[in-house]
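Participant: My structure file input15.tsv, TSV, C-alpha atoms, is below:
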```tsv
chain	number	residue	atom	x	y	z
G	1	MET	CA	-50.60	-19.86	-20.86
G	2	THR	CA	-50.58	-22.17	-17.85
G	3	SER	CA	-47.27	-23.30	-16.40
G	4	SER	CA	-47.84	-26.82	-17.70
G	5	ASP	CA	-48.28	-25.40	-21.23
G	6	ARG	CA	-44.98	-23.62	-20.80
G	7	GLN	CA	-43.30	-26.78	-19.63
G	8	GLN	CA	-44.67	-28.63	-22.65
G	9	ALA	CA	-43.33	-25.96	-24.98
G	10	LEU	CA	-39.90	-25.98	-23.29
G	11	LEU	CA	-39.72	-29.76	-23.69
G	12	ALA	CA	-40.89	-29.60	-27.29
G	13	GLY	CA	-38.08	-27.11	-27.94
G	14	ALA	CA	-35.50	-29.32	-26.25
G	15	ARG	CA	-36.65	-32.28	-28.35
G	16	ALA	CA	-36.48	-30.21	-31.53
G	17	CYS	CA	-32.80	-29.63	-30.81
G	18	LEU	CA	-31.89	-33.32	-30.95
G	19	PRO	CA	-31.79	-33.70	-34.75
G	20	LEU	CA	-29.47	-30.66	-34.91
G	21	SER	CA	-27.12	-31.92	-32.22
G	22	PRO	CA	-24.59	-33.96	-34.30
G	23	GLY	CA	-23.81	-30.98	-36.54
G	24	VAL	CA	-23.82	-28.53	-33.63
G	25	MET	CA	-21.49	-30.69	-31.55
G	26	LEU	CA	-19.06	-31.28	-34.40
G	27	PHE	CA	-18.89	-27.55	-35.11
G	28	GLY	CA	-18.45	-26.84	-31.39
G	29	MET	CA	-15.57	-29.30	-31.13
G	30	VAL	CA	-13.92	-27.76	-34.18
G	31	CYS	CA	-14.24	-24.27	-32.70
G	32	GLY	CA	-12.83	-25.39	-29.35
G	33	ALA	CA	-9.93	-27.25	-30.96
G	34	ALA	CA	-9.18	-24.28	-33.27
G	35	ALA	CA	-9.06	-21.83	-30.36
G	36	ALA	CA	-6.72	-24.07	-28.38
G	37	ALA	CA	-4.52	-24.62	-31.47
G	38	ALA	CA	-4.32	-20.84	-32.01
G	39	GLY	CA	-2.55	-20.50	-28.66
G	40	LEU	CA	-5.43	-19.40	-26.42
G	41	THR	CA	-5.37	-20.93	-22.94
G	42	PRO	CA	-8.11	-23.48	-22.16
G	43	GLY	CA	-9.82	-20.82	-20.01
G	44	GLN	CA	-9.75	-18.26	-22.81
G	45	SER	CA	-10.90	-20.82	-25.38
G	46	PHE	CA	-13.86	-21.75	-23.20
G	47	ALA	CA	-14.65	-18.09	-22.48
G	48	LEU	CA	-14.88	-17.53	-26.25
G	49	SER	CA	-17.35	-20.40	-26.36
G	50	TRP	CA	-19.74	-19.16	-23.66
G	51	LEU	CA	-19.24	-15.38	-23.94
G	52	VAL	CA	-19.42	-15.13	-27.73
G	53	PHE	CA	-21.34	-18.39	-28.33
G	54	ALA	CA	-21.36	-18.08	-32.14
G	55	GLY	CA	-19.26	-20.50	-34.19
G	56	SER	CA	-18.38	-18.40	-37.23
G	57	SER	CA	-17.49	-15.41	-35.09
G	58	GLN	CA	-15.38	-17.60	-32.80
G	59	ILE	CA	-13.47	-19.00	-35.79
G	60	VAL	CA	-12.91	-15.50	-37.18
G	61	ALA	CA	-11.60	-14.28	-33.83
G	62	THR	CA	-9.43	-17.39	-33.48
G	63	GLN	CA	-7.84	-16.91	-36.90
G	64	LEU	CA	-7.21	-13.23	-36.22
G	65	PHE	CA	-5.67	-14.02	-32.81
G	66	ALA	CA	-3.36	-16.54	-34.54
G	67	ALA	CA	-2.46	-13.97	-37.22
G	68	GLY	CA	-1.54	-11.39	-34.58
G	69	ALA	CA	-4.23	-8.86	-35.55
G	70	PRO	CA	-4.80	-5.85	-33.25
G	71	GLY	CA	-7.50	-6.32	-30.63
G	72	TRP	CA	-9.90	-3.75	-32.11
G	73	VAL	CA	-9.78	-5.48	-35.50
G	74	ILE	CA	-10.64	-8.81	-33.85
G	75	VAL	CA	-13.59	-7.30	-31.98
G	76	LEU	CA	-14.85	-5.35	-35.01
G	77	THR	CA	-14.58	-8.25	-37.48
G	78	GLY	CA	-16.01	-10.81	-35.05
G	79	TRP	CA	-18.91	-8.45	-34.34
G	80	VAL	CA	-19.69	-7.81	-38.02
G	81	VAL	CA	-20.08	-11.57	-38.47
G	82	ASN	CA	-22.73	-11.44	-35.72
G	83	LEU	CA	-24.71	-8.42	-36.95
G	84	ARG	CA	-27.25	-10.77	-38.51
G	85	PHE	CA	-28.49	-11.51	-34.98
G	86	MET	CA	-30.06	-8.05	-34.97
G	87	MET	CA	-32.44	-9.20	-37.72
G	88	TYR	CA	-33.31	-12.34	-35.75
G	89	SER	CA	-33.79	-10.29	-32.61
G	90	ALA	CA	-36.24	-7.98	-34.39
G	91	THR	CA	-38.29	-10.91	-35.71
G	92	LEU	CA	-38.26	-12.85	-32.44
G	93	ALA	CA	-39.20	-9.82	-30.31
G	94	GLN	CA	-42.64	-9.65	-31.92
G	95	HIS	CA	-43.45	-12.99	-30.27
G	96	PHE	CA	-42.01	-12.13	-26.85
G	97	ARG	CA	-44.66	-9.68	-25.65
G	98	GLY	CA	-45.88	-10.62	-22.19
G	99	THR	CA	-42.63	-12.27	-21.14
G	100	SER	CA	-40.46	-11.14	-18.24
G	101	ARG	CA	-37.28	-9.14	-18.68
G	102	PHE	CA	-35.28	-12.14	-17.49
G	103	GLU	CA	-36.80	-14.33	-20.20
G	104	ARG	CA	-36.04	-11.76	-22.90
G	105	TRP	CA	-32.43	-11.28	-21.77
G	106	LEU	CA	-31.94	-15.02	-21.58
G	107	ALA	CA	-33.41	-15.40	-25.08
G	108	GLY	CA	-31.01	-12.72	-26.29
G	109	TYR	CA	-28.00	-14.48	-24.83
G	110	LEU	CA	-29.05	-17.83	-26.31
G	111	LEU	CA	-29.97	-16.60	-29.81
G	112	THR	CA	-28.34	-18.66	-32.60
G	113	ASP	CA	-28.98	-19.35	-36.29
G	114	GLN	CA	-30.29	-22.85	-35.70
G	115	ALA	CA	-32.56	-22.05	-32.74
G	116	PHE	CA	-33.97	-19.07	-34.64
G	117	GLY	CA	-34.49	-21.05	-37.84
G	118	VAL	CA	-36.41	-23.88	-36.18
G	119	THR	CA	-38.48	-21.46	-34.06
G	120	LEU	CA	-39.38	-19.44	-37.15
G	121	ALA	CA	-40.83	-22.59	-38.71
G	122	ARG	CA	-43.03	-22.97	-35.60
G	123	VAL	CA	-44.13	-19.32	-35.90
G	124	LEU	CA	-45.22	-20.03	-39.47
G	125	ASP	CA	-47.25	-23.00	-38.13
G	126	GLY	CA	-49.25	-20.44	-36.12
G	127	ARG	CA	-48.21	-21.64	-32.64
G	128	ARG	CA	-48.50	-19.27	-29.67
G	129	ASP	CA	-45.96	-20.86	-27.30
G	130	ILE	CA	-43.01	-19.33	-29.13
G	131	PRO	CA	-40.99	-17.87	-26.21
G	132	TRP	CA	-40.86	-21.13	-24.28
G	133	PHE	CA	-40.29	-23.29	-27.31
G	134	PHE	CA	-37.41	-20.99	-28.26
G	135	LEU	CA	-35.89	-21.08	-24.78
G	136	GLY	CA	-36.16	-24.89	-24.79
G	137	ILE	CA	-34.32	-25.37	-28.06
G	138	ALA	CA	-31.82	-22.55	-27.49
G	139	ALA	CA	-30.80	-23.67	-24.00
G	140	THR	CA	-30.41	-27.29	-25.13
G	141	LEU	CA	-28.28	-26.17	-28.04
G	142	TRP	CA	-26.18	-24.06	-25.65
G	143	LEU	CA	-25.53	-27.07	-23.45
G	144	PHE	CA	-24.47	-29.29	-26.38
G	145	TRP	CA	-22.25	-26.48	-27.67
G	146	GLN	CA	-20.40	-26.01	-24.37
G	147	ILE	CA	-19.83	-29.74	-23.88
G	148	ALA	CA	-18.51	-30.03	-27.43
G	149	SER	CA	-16.26	-26.97	-26.98
G	150	LEU	CA	-14.66	-28.47	-23.88
G	151	ALA	CA	-14.11	-31.75	-25.73
G	152	GLY	CA	-12.48	-29.88	-28.61
G	153	ILE	CA	-10.31	-27.74	-26.32
G	154	TYR	CA	-8.91	-30.71	-24.42
G	155	LEU	CA	-8.94	-33.45	-27.08
G	156	GLY	CA	-8.20	-31.47	-30.27
G	157	ALA	CA	-4.44	-31.56	-29.74
G	158	LEU	CA	-4.48	-35.39	-29.74
G	159	VAL	CA	-5.31	-35.47	-33.46
G	160	PRO	CA	-2.11	-35.80	-35.57
G	161	ALA	CA	-1.38	-32.80	-37.85
G	162	SER	CA	-1.03	-35.13	-40.87
G	163	TRP	CA	-4.80	-35.69	-40.77
G	164	SER	CA	-5.33	-32.06	-41.93
G	165	ILE	CA	-8.17	-31.83	-39.45
G	166	ASP	CA	-7.98	-28.01	-39.69
G	167	PHE	CA	-9.74	-28.43	-43.03
G	168	VAL	CA	-12.87	-29.52	-41.15
G	169	VAL	CA	-13.36	-25.80	-40.37
G	170	ALA	CA	-13.48	-24.96	-44.09
G	171	LEU	CA	-15.88	-27.85	-44.78
G	172	THR	CA	-18.14	-26.88	-41.88
G	173	PHE	CA	-18.38	-23.37	-43.30
G	174	ILE	CA	-19.14	-24.76	-46.76
G	175	GLY	CA	-21.95	-26.73	-45.11
G	176	VAL	CA	-23.32	-23.53	-43.55
G	177	LEU	CA	-22.82	-21.52	-46.74
G	178	ALA	CA	-24.52	-23.88	-49.23
G	179	PRO	CA	-28.13	-23.38	-48.05
G	180	LEU	CA	-27.64	-19.60	-48.25
G	181	LEU	CA	-26.91	-19.76	-51.99
G	182	ARG	CA	-30.59	-19.55	-52.86
G	183	ASP	CA	-30.35	-16.96	-55.61
G	184	ARG	CA	-27.90	-15.11	-57.84
G	185	ALA	CA	-27.44	-12.19	-55.48
G	186	MET	CA	-26.48	-14.42	-52.54
G	187	ALA	CA	-24.08	-16.37	-54.79
G	188	ALA	CA	-22.57	-13.09	-56.01
G	189	ALA	CA	-22.01	-11.97	-52.41
G	190	ALA	CA	-20.22	-15.26	-51.67
G	191	VAL	CA	-18.06	-15.12	-54.82
G	192	ALA	CA	-17.12	-11.48	-54.23
G	193	GLY	CA	-16.30	-12.16	-50.58
G	194	GLY	CA	-14.18	-15.19	-51.48
G	195	LEU	CA	-12.27	-13.40	-54.23
G	196	THR	CA	-11.63	-10.38	-52.01
G	197	SER	CA	-10.12	-12.54	-49.28
G	198	VAL	CA	-7.88	-14.33	-51.81
G	199	PHE	CA	-6.55	-11.35	-53.77
G	200	VAL	CA	-6.76	-8.36	-51.43
G	201	VAL	CA	-4.20	-8.03	-48.66
G	202	LEU	CA	-4.87	-5.16	-46.28
G	203	PRO	CA	-2.87	-3.96	-43.28
G	204	LEU	CA	-4.10	-4.86	-39.77
G	205	LYS	CA	-5.78	-8.02	-41.11
G	206	LEU	CA	-8.77	-5.98	-42.24
G	207	ASN	CA	-9.25	-8.36	-45.20
G	208	LEU	CA	-12.32	-10.07	-43.74
G	209	MET	CA	-13.99	-6.71	-43.06
G	210	ALA	CA	-13.32	-5.71	-46.67
G	211	ALA	CA	-14.66	-9.04	-47.91
G	212	ALA	CA	-17.88	-8.60	-45.92
G	213	LEU	CA	-18.47	-5.09	-47.29
G	214	ILE	CA	-17.53	-5.87	-50.91
G	215	GLY	CA	-19.59	-9.07	-50.79
G	216	ALA	CA	-22.65	-7.19	-49.47
G	217	ALA	CA	-22.18	-4.51	-52.14
G	218	ALA	CA	-21.99	-7.19	-54.84
G	219	GLY	CA	-25.18	-8.83	-53.58
G	220	ILE	CA	-27.10	-5.55	-53.51
G	221	ALA	CA	-25.75	-4.53	-56.92
G	222	LEU	CA	-26.89	-7.81	-58.48
G	223	GLU	CA	-30.27	-7.54	-56.80
G	224	LYS	CA	-30.71	-4.15	-58.51
G	225	LEU	CA	-29.27	-5.11	-61.90
G	226	TRP	CA	-31.16	-8.39	-62.04
G	227	PRO	CA	-34.48	-7.92	-60.32
G	228	SER	CA	-35.41	-11.60	-60.66
G	229	SER	CA	-33.16	-12.15	-57.63
G	230	GLN	CA	-34.91	-12.38	-54.29
G	231	PRO	CA	-34.89	-9.02	-52.49
G	232	GLY	CA	-33.14	-8.91	-49.13
G	233	ALA	CA	-35.51	-10.45	-46.60
V	1	MET	CA	-0.94	-10.54	-27.48
V	2	ALA	CA	-0.59	-10.21	-23.72
V	3	GLU	CA	-2.84	-12.49	-21.71
V	4	LEU	CA	-4.84	-9.63	-20.19
V	5	ALA	CA	-5.39	-8.02	-23.60
V	6	THR	CA	-6.64	-11.36	-24.96
V	7	TRP	CA	-9.18	-11.54	-22.13
V	8	GLY	CA	-10.24	-7.98	-22.91
V	9	VAL	CA	-10.80	-8.80	-26.59
V	10	ILE	CA	-12.85	-11.92	-25.74
V	11	ALA	CA	-14.97	-9.99	-23.22
V	12	ALA	CA	-15.51	-7.06	-25.63
V	13	LEU	CA	-16.54	-9.36	-28.48
V	14	GLY	CA	-18.85	-11.24	-26.09
V	15	LEU	CA	-20.52	-8.04	-24.90
V	16	ALA	CA	-20.87	-6.61	-28.42
V	17	THR	CA	-22.42	-9.89	-29.59
V	18	PHE	CA	-24.82	-10.01	-26.64
V	19	ALA	CA	-25.90	-6.40	-27.25
V	20	THR	CA	-26.60	-7.24	-30.91
V	21	ARG	CA	-28.70	-10.27	-29.98
V	22	LEU	CA	-30.58	-8.49	-27.21
V	23	SER	CA	-31.23	-5.28	-29.19
V	24	PHE	CA	-34.83	-5.70	-30.34
V	25	LEU	CA	-35.77	-8.28	-27.70
V	26	ALA	CA	-35.04	-5.67	-25.03
V	27	LEU	CA	-37.13	-3.10	-26.93
V	28	LEU	CA	-39.92	-5.67	-27.28
V	29	GLY	CA	-40.00	-5.23	-31.02
V	30	GLU	CA	-40.63	-1.48	-30.90
V	31	GLY	CA	-38.78	0.06	-33.79
V	32	GLU	CA	-37.49	-1.58	-36.93
V	33	LEU	CA	-34.25	-1.92	-38.82
V	34	PRO	CA	-34.01	0.44	-41.79
V	35	ARG	CA	-34.52	-1.44	-45.05
V	36	TRP	CA	-31.04	-0.67	-46.43
V	37	LEU	CA	-29.45	-2.12	-43.30
V	38	ARG	CA	-31.55	-5.28	-43.54
V	39	ARG	CA	-30.30	-5.74	-47.11
V	40	VAL	CA	-26.66	-5.27	-46.14
V	41	LEU	CA	-27.05	-7.73	-43.26
V	42	HIS	CA	-28.77	-10.19	-45.59
V	43	TYR	CA	-25.64	-10.45	-47.75
V	44	VAL	CA	-22.93	-10.36	-45.07
V	45	PRO	CA	-23.13	-14.06	-44.00
V	46	PRO	CA	-22.44	-15.62	-47.44
V	47	ALA	CA	-19.70	-13.05	-48.12
V	48	ILE	CA	-17.89	-13.65	-44.85
V	49	LEU	CA	-18.29	-17.44	-44.88
V	50	ALA	CA	-16.79	-17.61	-48.37
V	51	ALA	CA	-14.05	-15.20	-47.29
V	52	ILE	CA	-13.08	-17.53	-44.44
V	53	VAL	CA	-13.04	-20.63	-46.67
V	54	ALA	CA	-11.31	-19.28	-49.79
V	55	PRO	CA	-7.82	-18.56	-48.34
V	56	GLN	CA	-7.71	-22.12	-46.98
V	57	LEU	CA	-7.75	-23.44	-50.55
V	58	LEU	CA	-4.50	-21.67	-51.46
V	59	ALA	CA	-1.06	-23.22	-51.79
V	60	GLY	CA	0.53	-20.11	-50.30
V	61	ALA	CA	-0.46	-16.77	-48.83
V	62	PRO	CA	-3.28	-14.59	-50.24
V	63	GLY	CA	-2.24	-11.90	-52.70
V	64	LEU	CA	-2.30	-11.10	-56.41
V	65	ALA	CA	-0.06	-14.13	-57.14
V	66	ALA	CA	-2.23	-16.56	-55.15
V	67	THR	CA	-2.43	-20.13	-56.51
V	68	LEU	CA	-4.83	-22.91	-55.57
V	69	ASP	CA	-3.84	-26.05	-53.67
V	70	GLY	CA	-5.09	-29.01	-55.75
V	71	PRO	CA	-6.28	-31.50	-53.11
V	72	ARG	CA	-7.86	-28.83	-50.90
V	73	THR	CA	-9.70	-27.22	-53.80
V	74	ALA	CA	-10.97	-30.60	-55.03
V	75	ALA	CA	-12.06	-31.48	-51.47
V	76	ALA	CA	-13.88	-28.15	-51.09
V	77	LEU	CA	-15.72	-28.61	-54.40
V	78	ALA	CA	-16.73	-32.14	-53.39
V	79	GLY	CA	-17.92	-30.76	-50.04
V	80	LEU	CA	-19.90	-28.00	-51.77
V	81	ALA	CA	-21.59	-30.48	-54.11
V	82	VAL	CA	-22.58	-32.72	-51.19
V	83	ALA	CA	-23.71	-29.72	-49.14
V	84	LEU	CA	-25.97	-28.47	-51.96
V	85	LEU	CA	-27.45	-31.96	-52.46
V	86	THR	CA	-27.88	-33.13	-48.87
V	87	ARG	CA	-27.86	-29.98	-46.68
V	88	SER	CA	-26.04	-32.15	-44.15
V	89	THR	CA	-22.93	-30.77	-42.42
V	90	LEU	CA	-21.80	-34.26	-41.44
V	91	ALA	CA	-22.05	-35.57	-45.01
V	92	THR	CA	-20.24	-32.45	-46.26
V	93	ILE	CA	-17.34	-32.99	-43.88
V	94	ALA	CA	-17.18	-36.73	-44.61
V	95	ALA	CA	-17.09	-36.21	-48.39
V	96	GLY	CA	-14.55	-33.38	-48.26
V	97	MET	CA	-12.18	-35.15	-45.87
V	98	ALA	CA	-12.44	-38.41	-47.88
V	99	VAL	CA	-11.38	-36.56	-51.03
V	100	LEU	CA	-8.60	-34.67	-49.21
V	101	TRP	CA	-7.19	-37.80	-47.56
V	102	GLY	CA	-7.54	-39.85	-50.76
V	103	LEU	CA	-5.66	-37.31	-52.87
V	104	THR	CA	-3.02	-36.80	-50.17
V	105	LEU	CA	-2.39	-40.56	-49.96
V	106	LEU	CA	-2.06	-40.68	-53.75
V	107	ARG	CA	0.46	-37.82	-53.43
V	108	TRP	CA	-1.43	-35.83	-56.02
```
For the file at hand, write its structure as structure tokens.
Facilitator:
Amino acid sequence: MTSSDRQQALLAGARACLPLSPGVMLFGMVCGAAAAAAGLTPGQSFALSWLVFAGSSQIVATQLFAAGAPGWVIVLTGWVVNLRFMMYSATLAQHFRGTSRFERWLAGYLLTDQAFGVTLARVLDGRRDIPWFFLGIAATLWLFWQIASLAGIYLGALVPASWSIDFVVALTFIGVLAPLLRDRAMAAAAVAGGLTSVFVVLPLKLNLMAAALIGAAAGIALEKLWPSSQPGA
Amino acid sequence: MAELATWGVIAALGLATFATRLSFLALLGEGELPRWLRRVLHYVPPAILAAIVAPQLLAGAPGLAATLDGPRTAAALAGLAVALLTRSTLATIAAGMAVLWGLTLLRW
């Protein structure tokens, strides 16, 4: 590929990020505001945003910080939420042959659900400029996310508590969850995870870990019992 | 938690997350995830997302005697319906917050 082809692909990626930006920025603001509200300093809240750079994991860590969980539980639970990135990494890597180490490490740092999802659609279209398209969309998304986080960290506290704005976190997660409920097994995993977190109280705030494992077990069990469900992709 | 310990937790989670993302990109796609692990990972996101949302619909703390909070549960169901229909996070938040605020104003 010539350098002008690469530039085109980078720009195409950046443009593809624009339709996603309202949702991304709202989620970023919510994550920033939640971290600040949980008692993290602005510096720590922003570090969570650029070091972890994964909304659900940031919210999990924030809630566990607020609940006074031990550090190793926060790291372990926040990491389990992010294990799905390993699947994305495996898929993306097949299209990154011929790129430099810097480009691959940068792609790894910038990997998110949305950037991966949109890039995968381009892979299925048979395009060959995947690495640069991905870097374009992922870097643009990163920039929007960091700006939104800073806004949330510094402006979140101005919203009155009576507005119940904390509930925006729950609604954001419902918005992320809904498209995943494609078949019975995925729905079973969600129901089992939700019920576990409501009824099971474990020491050291290990409830979310338990919910993840029980939910995954429920999904796999249903997939086996009811083979019409989609197998794990 | 002490300030230094908090920094340590944030840095450790950041590094663990980066290592997970980089894993196969660094290997250039050599090697594959075992099938059983792919299936577990497939089901973890819905389980954990639901596990984060569900306790926020309760009137009190989680436990065997947990009871639902009316307005929050109604708002979550409205949000879920809109999310399934529109796939739009913004519409989901708007619908859920409208229901929550409406019911709170009516002192339901």
Participant: Mind listing as a PyMOL selection string which residues of chain G are within 7 Å of chain V, counting all atoms listed in the file?
Facilitator: chain G and resi 23+44+48+51-52+71+75+78-79+81-86+89-90+93-94+96-97+104-105+108-109+111+168+170-175+177-180+186+189-190+192-194+197-201+208+211-212+215-216+219+232-233
Participant: Could you tell me how far CA of Phe134 (chain G) lies from CA of Met25 (chain G), in Å and to one decimal?
Facilitator: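 Going from CA of Phe134 (chain G) over to CA of Met25 (chain G) covers 18.9 Å.
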Participant: With distances taken over all atoms listed in the file, which of G:Trp132, G:Trp226, G:Trp142, G:Phe65 is nearest to Ala188 (chain G)?
Facilitator: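 Looking only at the distances to Ala188 (chain G), the closest residue turns out to be G:Trp226.
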Participant: As a PDB file with C-alpha atoms, in the frame of the given file, please: the residues near Leu103 (chain V) (cut-off 9 Å, only C-alpha atoms, same-chain neighbours under 4 positions excluded).
Facilitator:
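Result file result.pdb:
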```pdb
ATOM      1  CA  GLY V  70      -5.090 -29.010 -55.750  1.00  0.00           C
ATOM      2  CA  PRO V  71      -6.280 -31.500 -53.110  1.00  0.00           C
ATOM      3  CA  ARG V  72      -7.860 -28.830 -50.900  1.00  0.00           C
ATOM      4  CA  ALA V  74     -10.970 -30.600 -55.030  1.00  0.00           C
ATOM      5  CA  ALA V  75     -12.060 -31.480 -51.470  1.00  0.00           C
ATOM      6  CA  ALA V  98     -12.440 -38.410 -47.880  1.00  0.00           C
ATOM      7  CA  VAL V  99     -11.380 -36.560 -51.030  1.00  0.00           C
ATOM      8  CA  ARG V 107       0.460 -37.820 -53.430  1.00  0.00           C
ATOM      9  CA  TRP V 108      -1.430 -35.830 -56.020  1.00  0.00           C
TER      10      TRP V 108
END
```
Participant: Nearest residue to Leu143 (chain G) out of G:Phe102, G:Trp50, G:Phe27, G:Trp72, using only C-alpha atoms?
Facilitator: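 Once distances to Leu143 (chain G) are computed over only C-alpha atoms, the minimum belongs to G:Trp50.
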Participant: Using Å and a single decimal, report how far CA of Thr41 (chain G) sits from CA of Gly28 (chain G).
Facilitator: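 Answer for the CA of Gly28 (chain G) to CA of Thr41 (chain G) separation: 16.7 Å.
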Participant: What's the separation between CA of Lys205 (chain G) and CA of Val169 (chain G), in Å to one decimal place?
Facilitator: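 Computed distance, CA of Lys205 (chain G) to CA of Val169 (chain G), equals 19.3 Å.
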